[in-house]
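Reading through the structure tokens given below for one structure.
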Amino acid sequence: MAGIVGYGVHIPIYRIKVEDIAKVWSEDAESIKKGLNIREKSVPGKDEDAATIAVEAARRAIRHAGIDATELGALYAGSESHPYAVKPTATVVSAGIEAGNKLMVADLEFACKAGTAGMQMIMGLIDSGMIRYGMAIGTDTSQGRPGDALEYTASAGGAAFILGKDKNGIIANVVKTVSFTSDTPDFWRREGASFPSHGGRFTGEPGYFRHITGATKLLFEETGMKPSDFDYAVFHQPNGKFPKMVAAQLGFTEKQIERGLMTPIIGNTYSGSSLIGLAATLDVAKPGQKILVTSFGSGAGSDSFAIEVTDNIDSKRKNLEKVMDIVERHKTYIDYSAYLKNRGSIRKT
Amino acid sequence: MRDVAIVGVGLTRFGERWNSGLKELMAEAGLAALEDASVSSRDVEMLYGGTMASGKFVGQEHTAALMADQLGFSNIPAVRIENACASGGSALRQGYIAVASGIHDVVVVGGVEKMTDVTASEATTALGGAGDQEWELFQGITFPGLYALIAKRHMFEYGTTEEQMASVAVKNHENACKNQFAQFRKSLTVDEVMRSKVVSDPLKLLDCSPISDGAAAVVLAPLETAKKYNDTPIKIMASAQASDTLRLADREKLTELKATKLAAQNAYKQAKVTAKDIDVVEVHDCFTIAEILAMEDLGIYQKGKAAKAIADGETALNGKVSVNTSGGLKGCGHPVGATGVKQAAEIVWQLRGEAKDRQVKDAEIGMTHNVGGSGATAVVHIYKRAD
Amino acid sequence: MERSSSSLWRKIRARYNLVGNVCENCSTAYFPPRIVCRKCGRKSKMEEKRFNGDGEIFSFTKIRVPPDTFKDEAPYFIGIIKLKEGPMVEGHIIDNGVEPEIGGKVRAQFRKMYVEGDEGLIYYHYKFEPL
């Protein structure tokens with residue numbers, strides 16, 4: 001089966017603290033921080049969007065993989081904040097990495113799991129022999145309605161994964177992937193609407209928990225694996241609390257999910273969320289270790305992956321920019337008014 | 001080649017001319033020049049009109065024919081010259097060539113710009129077209145921005161200070177106070193310049209020439225018959241021009257305008273004079289740093305030495321060399337298409353001894369220096385009294 | 001300003017990835033790309049070259065009074081960057097908290113240069129980030 005040959009992450013340098021958002025809405029920052037297990041979130045610069053984040057992540061992935069961008073046979077960009085409603089983000093990315101013209105390209109949207117859906121599609125193309133390498137991207141500059149609970153978590157970032165079949169280049173094999181899907185109206189955004197709407201507490205049990213446990217248990221059934229077979233686990237991270245709860249429900253320890261749990265320090269990067277968690281885990285993983293990844297996208301569905309790290313991982317790290325380094329790089333705190341200005345939310349007319 | 005003389009000059013007051021449009025400005029300056037030269041509209045054989053961005057400023061192109069029409073020049077040939085802020089100087093050079101070649105006898109060179117009908121940011125955009133549109137203006141790089149890049153590097157390489165740059169504005173305002181045509185008849189202090197709003201650091205608002213309306217015109221004739229029109233014709237001893245890259249980053253050196261250097265060297269050669277012989281010069285001080293560059297690139301000071309000399313007063317009225325007695329672009333105003341022609345008018349008055357309060361004593365040889373864009377065009381003329 | 005689908009499209013490789021060229025006749029590298037080598041004129045032999053985006057600040061300024069198309073972006077840093085491979089390039093310097101200085105190292109990043117209102121095109125471009 002296809003495996004991961006390289007990956008790259010991009011997270012904007014700006015951060016806003018929970019305290020600064022809570023102050024505006026007269027909310028109690030401490031209880032929000034505790035309740036959502038989040039301290040701060042990333043915020044895009046005025047000149048960043050899902051496409052620019054995707055390009056930066058994709059360039060890092062190309063460097064890490066050590067391939068030429070023209071070797072990519074397919075590129076899928078998953079996002080719920082594509083800069084254009086019509087005109088693909090993925091074409092901007094393919095031009096942004098000089099991938100040439102001979103590749104299959106499309107945008108995907110499946111709330112927070114469009115990136116992992118792209119990985120499955122790329123795997124299919126590779127395993128069928130249609131392409132040699134493909135790139136799947138999850139990227140977002142997600143928006144929370146001002147004053148909504150989502151405002152504390154909705155952040156910006158992205159990850160690009162290059163998959164291939166080349167034995168010498170694969171740093172981690174995808175042993176198995178399955179999905180669990182249903183029509184569940186937990187979270188949505190209509191065409192033309194600036195902000196998403198959601199079903200409040202309904203997003204929890206029938207949404208996030210049902211699908212993540214559904215996909216993960218299906219993966220266990222089909223592989224015969226169990227939580228203790230994995231060294232690490234990464235679950236979609238809409239906040240810092242849900243992944244801990246779902247891990248406990250499924251029988252994983254806190255230690256297994258600790259490494260990939262990024263939301264407390266960068267927020268929920270939506271399509272980037274589980275992929276950035278996987279990248280942070282691969283940054284430290286050793287040959288032979290096994291990683292479980294289960295994404296979740298509202299609407300709703302989960303993709304679950306069983307991944308096994310190969311011996312190549314160490315030697316390939318020379319061209320790797322690690323997630324934690326990217327998180328810390330030029331980190332700059334902004335206040336709520338700068339945050340509004342960055343997002344273009346201050347009306348001048 | 002025949003020798004060419006300026007036999008008449010005319011100017012409008014520069015500034016915010018709310019009552020005057022393009023046509024009124026052209027007519028006012030043109031009439032004044034005709035009167036000064038005692039020529040009738042019917043005597044004029046050819047017109048060169050310098051205008052930079054009338055299309056952007058007032059939606060009007062085809063301005064040379066318009067000017068000929070407004071001045072009653074019936075059906076003579078008229079050509080617009082657009083060379084950014086050097087449009088006026090370039091038009092003068094074309095007029096000079098037309099008379100020197102023997103093709104025409106009486107040629108009018110006009111320059112005009114009507115800039116105040118648009119907002120400051122629209123004007124900034126229009127002027128931005130003098131640089132490389134695709135790689136400068138496209139990225140929001142303004143003209144103050146380009147000169148700021150030069151200034152920052154000049155400071156880095158030669159230790160030029162912001163106070164020294166400010167002293168250029170102070171000197172030019174001092175001169176402008178004595179010029180009835182000037183936009184700013186008001187003196188300035190270094191401190192006022194330093195405290196003015198930063199436009200593009202290190203350049204502040206009072207380091208920048210203003211947005212102005214205005215027009216200028218000169219009448220050219222063969223030197224041999226010049227006395228027919230004017231008792232004190234001014235001979236054009238040299239007319240030189242050079243170009244450089246539009247894009248600032250492509251220059252060989254960021255701290256010099258090579259086009260100025262080349263045009264000046266050529267002009268000195270034509271006139272058989274050196275920089276030391278120049279008594280009075282109008283240089284292109286679109287920004288204070290530009291006057292410092294000009295003094296160096298014209299060879300009046302060594303590279304890196306001009307800023308201090310200016311701050312020390314060496315280039316003030318009746319100093320070692322009198323620079324920008326009109327007030328320059330900074331004090332007199334900078335209606336871009338008119339500037340190069342206005343510079344010639346100022347030197348004519350100086351050499352005739354008609355510059356009143358701002359008269360340079362015993363001025364014999366004068367020079368004008370007109371720059372387009374961030375230095376992609378430079379035009380240098382040298383003049384001498386011919387009576 | 002020259003903004004249109006076609007003017008955006010024909011500059012994509014240069015604006016996204018610093019694709020310039022080099023004259024094979026005299027080895028002078030150019031960005032933006034040129035048809036005619038400034039040194040070789042008619043003898044020029046231009047070949048495409050992609051610059052890697054590493055360079056250092058040769059000069060810089062912060063623009064506070066922008067053209068009308070950039071009025072929502074000001075203030076912003078502009079620099080002349082000397083690319084590692086030779087050419088001088090004008091571009092935005094991203095404000096990442098590292099104060100620009102002459103000689104400071106930068107690297108090209110992929111950013112939005114200009115967005116045409118709510119309904120128009122998005123112009124992506126290189127910008128330089130201080131390291």
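Simple scheme: letters A, B, ... for chains in structure tokens order, numbers from 1 for residues in each chain, numbers from 1 for ligands in the order shown.
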Could you make a table, as JSON lines, of the residues of chain C that have an atom within 6 Å of an atom of chain B, each with its nearest atom pair and distance in Å to one decimal, counting only C-alpha atoms, in chain and number order?
{"residue": "C:Ser59", "atom": "CA", "partner": "B:Leu149", "partner_atom": "CA", "distance": 5.5}
{"residue": "C:Phe60", "atom": "CA", "partner": "B:Leu149", "partner_atom": "CA", "distance": 5.4}
{"residue": "C:Thr61", "atom": "CA", "partner": "B:Asp201", "partner_atom": "CA", "distance": 5.5}
{"residue": "C:Lys62", "atom": "CA", "partner": "B:Ser200", "partner_atom": "CA", "distance": 5.4}
{"residue": "C:Ile63", "atom": "CA", "partner": "B:Ser200", "partner_atom": "CA", "distance": 4.5}
{"residue": "C:Arg64", "atom": "CA", "partner": "B:Val199", "partner_atom": "CA", "distance": 5.2}
{"residue": "C:Val65", "atom": "CA", "partner": "B:Val199", "partner_atom": "CA", "distance": 5.4}
{"residue": "C:Pro67", "atom": "CA", "partner": "B:Ser121", "partner_atom": "CA", "distance": 5.0}
{"residue": "C:Asp68", "atom": "CA", "partner": "B:Ser121", "partner_atom": "CA", "distance": 4.9}
{"residue": "C:Met88", "atom": "CA", "partner": "B:Ala249", "partner_atom": "CA", "distance": 5.3}
{"residue": "C:Val89", "atom": "CA", "partner": "B:Ala249", "partner_atom": "CA", "distance": 5.9}
- Task: Could you please select, counting only C-alpha atoms, the residues of chain C within 8 Å of chain A and state them as a VMD selection string?
- Result: chain C and resid 12 to 13 16 to 17 96 to 98 109 to 113 124
Got time to write the residues from that selection, N, CA and C atoms, as a PDB file, in the first residue's frame?
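Generated output (selection-v5.pdb):
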ATOM      1  N   ILE C  12       2.541  34.570 -13.424  1.00  0.00           N
ATOM      2  CA  ILE C  12       2.393  33.669 -12.271  1.00  0.00           C
ATOM      3  C   ILE C  12       3.717  33.028 -11.853  1.00  0.00           C
ATOM      4  N   ARG C  13       4.473  32.526 -12.791  1.00  0.00           N
ATOM      5  CA  ARG C  13       5.687  31.795 -12.392  1.00  0.00           C
ATOM      6  C   ARG C  13       6.697  32.736 -11.737  1.00  0.00           C
ATOM      7  N   TYR C  16       5.046  33.954  -8.238  1.00  0.00           N
ATOM      8  CA  TYR C  16       4.899  32.915  -7.212  1.00  0.00           C
ATOM      9  C   TYR C  16       6.260  32.351  -6.789  1.00  0.00           C
ATOM     10  N   ASN C  17       7.140  32.161  -7.763  1.00  0.00           N
ATOM     11  CA  ASN C  17       8.337  31.364  -7.485  1.00  0.00           C
ATOM     12  C   ASN C  17       9.648  31.995  -7.919  1.00  0.00           C
ATOM     13  N   ASN C  96       7.338  40.353  10.738  1.00  0.00           N
ATOM     14  CA  ASN C  96       7.199  39.205  11.651  1.00  0.00           C
ATOM     15  C   ASN C  96       7.828  39.521  13.007  1.00  0.00           C
ATOM     16  N   GLY C  97       7.979  40.803  13.275  1.00  0.00           N
ATOM     17  CA  GLY C  97       8.539  41.193  14.563  1.00  0.00           C
ATOM     18  C   GLY C  97      10.047  41.367  14.511  1.00  0.00           C
ATOM     19  N   VAL C  98      10.691  40.814  13.471  1.00  0.00           N
ATOM     20  CA  VAL C  98      12.134  41.016  13.320  1.00  0.00           C
ATOM     21  C   VAL C  98      12.326  42.337  12.583  1.00  0.00           C
ATOM     22  N   GLN C 109       8.581  34.036   0.752  1.00  0.00           N
ATOM     23  CA  GLN C 109       7.395  33.311   1.188  1.00  0.00           C
ATOM     24  C   GLN C 109       6.289  33.568   0.173  1.00  0.00           C
ATOM     25  N   PHE C 110       5.235  32.794   0.279  1.00  0.00           N
ATOM     26  CA  PHE C 110       4.109  32.913  -0.637  1.00  0.00           C
ATOM     27  C   PHE C 110       2.965  33.608   0.085  1.00  0.00           C
ATOM     28  N   ARG C 111       2.582  34.772  -0.401  1.00  0.00           N
ATOM     29  CA  ARG C 111       1.556  35.563   0.288  1.00  0.00           C
ATOM     30  C   ARG C 111       0.586  36.200  -0.707  1.00  0.00           C
ATOM     31  N   LYS C 112      -0.480  36.769  -0.145  1.00  0.00           N
ATOM     32  CA  LYS C 112      -1.394  37.560  -0.963  1.00  0.00           C
ATOM     33  C   LYS C 112      -0.774  38.945  -1.118  1.00  0.00           C
ATOM     34  N   MET C 113      -0.737  39.463  -2.346  1.00  0.00           N
ATOM     35  CA  MET C 113      -0.258  40.821  -2.542  1.00  0.00           C
ATOM     36  C   MET C 113      -1.427  41.789  -2.518  1.00  0.00           C
ATOM     37  N   TYR C 124      -1.605  36.584  -5.773  1.00  0.00           N
ATOM     38  CA  TYR C 124      -0.579  36.007  -4.902  1.00  0.00           C
ATOM     39  C   TYR C 124       0.800  36.420  -5.403  1.00  0.00           C
TER      40      TYR C 124
END
Compile the contact shell of Phe187 of chain A as a PDB file with N, CA and C atoms, in the first residue's frame: residues with an atom at most 10 Å away, counting only C-alpha atoms, same-chain residues fewer than 4 positions apart removed.
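Dumped everything to selection_34.pdb:
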ATOM      1  N   ALA A 111     -15.685  19.705   5.801  1.00  0.00           N
ATOM      2  CA  ALA A 111     -15.422  20.345   7.095  1.00  0.00           C
ATOM      3  C   ALA A 111     -13.975  20.061   7.496  1.00  0.00           C
ATOM      4  N   PRO A 196     -19.723  29.946  10.022  1.00  0.00           N
ATOM      5  CA  PRO A 196     -20.464  28.682  10.124  1.00  0.00           C
ATOM      6  C   PRO A 196     -21.478  28.739  11.269  1.00  0.00           C
ATOM      7  N   SER A 197     -22.464  27.880  11.193  1.00  0.00           N
ATOM      8  CA  SER A 197     -23.431  27.696  12.278  1.00  0.00           C
ATOM      9  C   SER A 197     -23.254  26.281  12.799  1.00  0.00           C
ATOM     10  N   HIS A 198     -23.725  26.037  13.988  1.00  0.00           N
ATOM     11  CA  HIS A 198     -23.578  24.688  14.531  1.00  0.00           C
ATOM     12  C   HIS A 198     -24.715  24.356  15.484  1.00  0.00           C
ATOM     13  N   GLY A 199     -24.818  23.082  15.779  1.00  0.00           N
ATOM     14  CA  GLY A 199     -25.920  22.599  16.611  1.00  0.00           C
ATOM     15  C   GLY A 199     -25.622  22.606  18.092  1.00  0.00           C
ATOM     16  N   GLY A 200     -24.658  23.409  18.512  1.00  0.00           N
ATOM     17  CA  GLY A 200     -24.367  23.509  19.944  1.00  0.00           C
ATOM     18  C   GLY A 200     -23.930  22.169  20.521  1.00  0.00           C
ATOM     19  N   PHE A 202     -25.250  19.413  20.328  1.00  0.00           N
ATOM     20  CA  PHE A 202     -25.499  18.305  19.389  1.00  0.00           C
ATOM     21  C   PHE A 202     -24.227  17.908  18.643  1.00  0.00           C
ATOM     22  N   THR A 203     -23.294  18.823  18.534  1.00  0.00           N
ATOM     23  CA  THR A 203     -22.063  18.517  17.785  1.00  0.00           C
ATOM     24  C   THR A 203     -21.234  17.443  18.487  1.00  0.00           C
ATOM     25  N   GLY A 207     -22.213  13.777  16.769  1.00  0.00           N
ATOM     26  CA  GLY A 207     -21.268  14.223  15.747  1.00  0.00           C
ATOM     27  C   GLY A 207     -19.884  13.644  15.973  1.00  0.00           C
ATOM     28  N   GLY A 297     -14.896  15.076  10.264  1.00  0.00           N
ATOM     29  CA  GLY A 297     -15.423  16.226   9.552  1.00  0.00           C
ATOM     30  C   GLY A 297     -16.916  16.303   9.802  1.00  0.00           C
ATOM     31  N   SER A 298     -17.383  17.478  10.156  1.00  0.00           N
ATOM     32  CA  SER A 298     -18.806  17.648  10.419  1.00  0.00           C
ATOM     33  C   SER A 298     -19.600  17.376   9.162  1.00  0.00           C
ATOM     34  N   GLY A 299     -20.794  16.873   9.425  1.00  0.00           N
ATOM     35  CA  GLY A 299     -21.687  16.682   8.288  1.00  0.00           C
ATOM     36  C   GLY A 299     -22.145  15.295   7.909  1.00  0.00           C
ATOM     37  N   ALA A 300     -21.474  14.229   8.258  1.00  0.00           N
ATOM     38  CA  ALA A 300     -20.302  14.067   9.115  1.00  0.00           C
ATOM     39  C   ALA A 300     -19.590  12.768   8.738  1.00  0.00           C
TER      40      ALA A 300
END
- Message: as a PyMOL selection string, please: every residue in segment 63-213 of chain B that DSSP puts in helix (DSSP H, G or I).
- Response: chain B and resi 63-70+87-100+120-128+137-139+143-158+162-176+190-195+205-207
- Query: Which polymer residues have any atom within 7 Å of an atom of segment 162-169 of chain A, counting only C-alpha atoms, with same-chain residues fewer than 4 positions away left out, as a VMD selection string?
  - Reply: chain A and resid 1 to 7 61 126 132 to 136 312
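Picture a line from atom CA of Lys261 of chain B to atom CA of Ala240 of chain B; it runs 10.7 Å.
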- Looking only at strand (DSSP E) from DSSP on the backbone, list the matching residues of segment 86-241 of chain B as a PyMOL selection string. chain B and resi 107-114+198-200+203-204+213-222+234-241
Tell me, as a PDB file with C-alpha atoms, in the first residue's frame, which residues lie within 6 Å of Lys105 of chain C, counting only C-alpha atoms; anything in the same chain fewer than 4 positions away does not count.
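Result written to around.pdb:
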ATOM      1  CA  GLY C  55      18.773  36.858   0.096  1.00  0.00           C
ATOM      2  CA  GLU C  56      19.658  39.833   2.224  1.00  0.00           C
ATOM      3  CA  PRO C 130      13.291  38.232   7.813  1.00  0.00           C
ATOM      4  CA  LEU C 131      14.906  35.155   9.340  1.00  0.00           C
TER       5      LEU C 131
END
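With atom CA of Ser274 of chain A on one side and atom CA of Ala159 of chain A on the other, the separation reads 9.2 Å.
Of note, atom CA of Leu34 of chain B and atom CA of Trp18 of chain B are spaced 24.5 Å apart.
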- Message: So that I can see what lies close to His64 of chain A, please list as an NGL selection string the residues with an atom at most 8 Å from it, counting only C-alpha atoms and leaving out residues fewer than 4 positions away in the same chain.
- Response: :A and (6-8 or 60 or 316-321)
- Message: Just want the 10 Å neighbourhood of Phe51 of chain C, counted on only C-alpha atoms, with same-chain residues fewer than 2 positions away dropped. Output as a VMD selection string.
- Response: chain C and resid 14 17 to 21 29 to 31 48 to 49 53 to 55 83 to 87 108
